[in-house]
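Visitor: Supplied in structure tokens, the structure appears directly below.
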Amino acid sequence: MDISPALLVLVGLVLAGWTVAAGWMMLRASARVQAAETTRKSARRLARMIEEAPAVPMLVRTDGRIEGPDRLAGWFGLERMPEFISELTGPGGQSGVQQGVQGLSESQVEKLTTAVRRTQRTAAPFHIALTPPGSLKALAMKGGLADPSVSPSGAALIWVFDFTETEGELALLRDEATRAREDFGALVGLIEAAPMPMWFRGPDLKLRLVNRAYVAAVGAESPDAVVADQVELVETVKGMTAAEVASQAREQRQPVERIVTATINGARRSLRVTDLPLGSEGIAGYAVDIEEMEEQAREFRAFREAQRSMLDQLSVGVAQFDPRRRLTFANQPFHRVFALPPGIVNERTGFEQMLLVARENGKIPEVRDFPAWRQELIDWFLSDETRRENWPLPDGTHLSIVAQPMPDGGLVLFAEDRTEQLALSATRDTLLRTRTATFDNLFEALAVFAPDGHIELWNRGFASAWGLEPEALDGHPQAEALLAAIERNLADPRQIDALNHVIRAATLDRRKQSGMAELADGRTLDYAGVPLPDGNGLLTVLDVTASRQAEEALRERNRALEEADAVMTRFLANMSYEFRTPLTSIGGFAELLTSGVAGDLPQQAREYAEAIAISVGKLTEQVENVLDLSQSEAGLMPLNKRKLDLLPFLTEIVRERESAIVEAGLTLDLRGDPGRRIEADPQQLRRAVSHLLDNAIAATQRGGRIQILIDRKKEGMQIVIADNGRGMDRSELARALEGIRPTGDGRGFERRQGLGIPLARQLVEAHGGVLDIQTRKGTGTTATMRLP
């Protein structure tokens with residue numbers, strides 16, 4: 001069948017149209033597919049964003065049905081979301097929920113349901129915060145009426161926020177705030193209770209806060225009054241007020257501390273004031289009363305100066321080094337010991353340098369390795385114990401060194417020159433050995449007792465003197481035990497009490513006492529207790545057995561001599577009286593013959609008679625001398641004293657011997673002041689002076705000189721008769737003073753020299769005076785009579 005071209009064309013056009021329409025439809029469908037895919041991707045992205053969002057939506061319809069993601073179920077403590085809002089309570093309202101899973105509490109569900117109903121009716125939003133018991137999460141719910149595009153039936157859309165972490169942080173912040181408030185309260189209480197004034201300035205440098213100590217210091221009524229009146233505690237110092245100093249601390253951004261003087265409670269006190277910048281908040285300040293510290297510092301400085309002055313007076317060298325081993329003080333003895341220069345302390349010389357200076361001056365020991373030795377001394381600073389050393393110096397000096405470490409790391413060094421002490425110690429040891437040897441070799445027995453009664457020291461003769469064994473004293477026994485041992489050796493045991501009393505008197509009473517004891521073996525001991533300066537007592541014991549026997553023999557001999565002397569005195573007295581009678585008769589007849597009573601005598605007979613008369617006179621004088629000497633020695637010399645003027649008295653005696661002096665070719669010089677008087681027997685004193693003058697005339701050669709001097713002394717009058725004759729030696733003077741004495745066997749008498757000098761001495765002594773004779777062979781003799 002033929003098809004017309006037009007039909008073909010129409011069919012082609014229709015097919016083309018269908019093709020175009022199909023292509024367009026395919027293109028549109030592809031675009032819609034792509035759009036749907038994009039929508040699905042966007043939905044999944046939005047769903048994912050919602051799941052990751054901090055808030056989860058929940059839709060509550062008007063019939064109580066709820067829609068929400070399962071993520072929200074976990075927040076509620078459930079495994080999956082329930083269908084109705086009433087089922088948020090958990091297993092009690094939902095049979096499919098596992099046992100043990102909890103949701104919201106009934107009160108929480110009731111509260112949420114009420115809020116949702118109110119929103120659905122009134123479209124009013126609500127906010128609820130709750131913590132499900134099943135999850136312990138802190139949830140915040142913000143609800144409102146859902147948009148009609150979301151739910152056109154008036155459903156409520158609730159956004160649930162999990163602010164568990166935020167709630168924890170808030171709780172932590174609340175706790176910290178509570179603690180901060182408590183700490184702030186405690187700090188405010190502490191500041192208020194502080195004994196020191198404290199204050200706070202604002203950024204404008206004005207006082208804002210002050211404590212009670214500040215109020216009391218300025219004498220204000222209250223802190224408010226101080227702040228209102230801006231009462232400053234610290235006065236203007238060097239043109240700067242307290243506020244200006246605080247501003248300076250703020251500008252420097254560091255504390256400013258100064259010591260000022262302020263009036264506190266009406267008294268001027270020293271304060272250490274500190275201003276502390278607190279950033280932009282203001283400036284805090286406080287003031288510490290350091291008046292007592294300043295006073296203590298002044299006292300310490302005064303004490304240190306006094307101590308150093310005192311140390312300068314010591315003989316021991318003292319030096320102090322600080323923790324840096326620098327010399328801070330050295331007294332004068334320390335300078336002398338180590339020969340240090342004067343300025344070494346002011347230069348703060350180090351310990352090592354001081355040792356070098358001492359080494360150069362030869363004031364340290366000679367050591368082989370000086371650096372090592374110096375390091376050992378430096379280690380003294382690190383030691384915990386006191387170090388002591390002895391340093392022998394090259395010049396023979398011995399130093400005692402004591403190093404005392406200080407708690408602050410310093411060192412105090414003591415240096416003492418012990419050279420003399422060591423020498424004294426050696427001398428003392430020698431003396432002790434000498435004393436021991438001396439004690440042991442003494443004839444007397446010695447023992448030293450301590451105040452507590454025990455024997456401390458004794459010599460070898462002490463034990464044997466009392467008949468004891470030497471071992472009995474080895475234990476230094478007490479006096480009671482020693483006396484008990486001695487008592488057994490006494491002839492009379494009761495004598496032990498006297499010995500005990502002597503020991504006690506020497507040791508306790510500090511008195512000297514003595515006694516005597518007789519031993520059972522016949523020996524006699526004399527003992528004496530002597531207190532010693534050291535508080536001990538010395539007991540000396542002497543065996544006087546032989547001396548007692550010799551003493552008794554001497555007493556017997558003395559009695560015999562006294563009897564012989566008495567016989568001599570009686571003999572001389574009797575002989576003198578017996579001689580006087582015939583001598584008187586002979587003298588009388590001789591005078592009659594020479595006077596011519598019996599007639600004239602030839603010249604030769606007259607000379608014989610005159611010689612007889614002269615001889616009788618001399619013999620009579622000798623007899624009188626013997627009688628007076630015997631009476632004087634027996635103490636029977638009669639004296640008839642009266643006032644005598646010495647110068648005329650002696651002149652008369654010299655005139656009587658003028659011819660003898662001229663014939664001997666002598667010169668006599670008599671000197672004395674008139675009016676020198678004494679009370680004496682003229683006859684006896686004349687005889688004493690005459691004897692001495694006659695001896696001077698006889699002993700002086702021709703051309704010699706005799707001097708007689710009258711002088712007043714403190715003890716009385718003094719008559720001196722001096723010559724420059726031949727003089728005497730000691731033996732001749734002794735014989736001249738003895739005169740007549742019994743022979744050695746006591747059976748007779750012997751005449752040693754003339755009777756003049758002995759008689760003169762006896763006559764002077766009978767007047768209460770003293771005759772002193774000084775003589776030298778070939779020079780002369782001086783006789784001095786001292787009369788009261």
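In the structure tokens, chains take the letters A, B, ... in the order shown, each chain's residues start at 1, and ligands count up from 1 in the order shown.
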Could you write out, as a PyMOL selection string, all the residues of range 364-507 of chain A that DSSP marks as helix (DSSP H, G or I)?
Guide: chain A and resi 370-382+419-441+460-465+470-473+479-487+493-507
Visitor: One number please: CA of Ser309 in chain A to CA of Phe329 in chain A, in Å, one decimal.
Guide: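 Calculated distance between CA of Ser309 in chain A and CA of Phe329 in chain A is 11.2 Å.
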Visitor: Skipping near chain neighbours, those fewer than 5 positions away, what residues fall within 6 Å of range 440-450 of chain A using only C-alpha atoms, listed as a list in words?
Guide: Ile455, Glu456, Leu457, Trp458, Asn459, Arg460, Gly461, Phe462, Asn536, Gly537, Leu538, Leu539, Thr540, Val541 and Leu542 of chain A
Visitor: Write a file of the just-selected residues containing C-alpha atoms, as a short mmCIF file (atom, residue, chain, number, x, y, z; two decimals), in the first residue's frame.
Guide:
```
data_model
loop_
_atom_site.label_atom_id
_atom_site.label_comp_id
_atom_site.auth_asym_id
_atom_site.auth_seq_id
_atom_site.Cartn_x
_atom_site.Cartn_y
_atom_site.Cartn_z
CA ILE A 455 95.13 10.92 153.11
CA GLU A 456 96.41 12.34 149.81
CA LEU A 457 100.19 12.46 150.13
CA TRP A 458 102.82 11.02 152.46
CA ASN A 459 106.53 10.31 152.55
CA ARG A 460 108.25 7.02 153.18
CA GLY A 461 108.91 7.75 156.85
CA PHE A 462 105.25 8.29 157.79
CA ASN A 536 94.38 20.55 152.90
CA GLY A 537 96.09 19.88 156.21
CA LEU A 538 99.71 18.84 156.84
CA LEU A 539 100.60 16.46 159.66
CA THR A 540 104.29 16.41 160.64
CA VAL A 541 105.66 13.64 162.85
CA LEU A 542 109.11 13.66 164.49
#
```
Visitor: Running DSSP on the backbone, which parts of range 466-559 of chain A land in strand (DSSP E or B), as a list of chain:residue names?
Guide: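 Answer for range 466-559 of chain A restricted to strand (DSSP E or B) is A:Gln478, A:Leu490, A:Gln513, A:Ser514, A:Gly515, A:Met516, A:Ala517, A:Glu518, A:Leu519, A:Thr524, A:Leu525, A:Asp526, A:Tyr527, A:Ala528, A:Gly529, A:Val530, A:Pro531, A:Gly537, A:Leu538, A:Leu539, A:Thr540, A:Val541, A:Leu542, A:Asp543.
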Visitor: Show me, as a PyMOL selection string, the residues that have an atom within 10 Å of range 718-721 of chain A when counting only C-alpha atoms, minus same-chain residues fewer than 4 positions from it.
Guide: chain A and resi 646+650+669-672+689+692-693+696+706-714+769-773+781-788
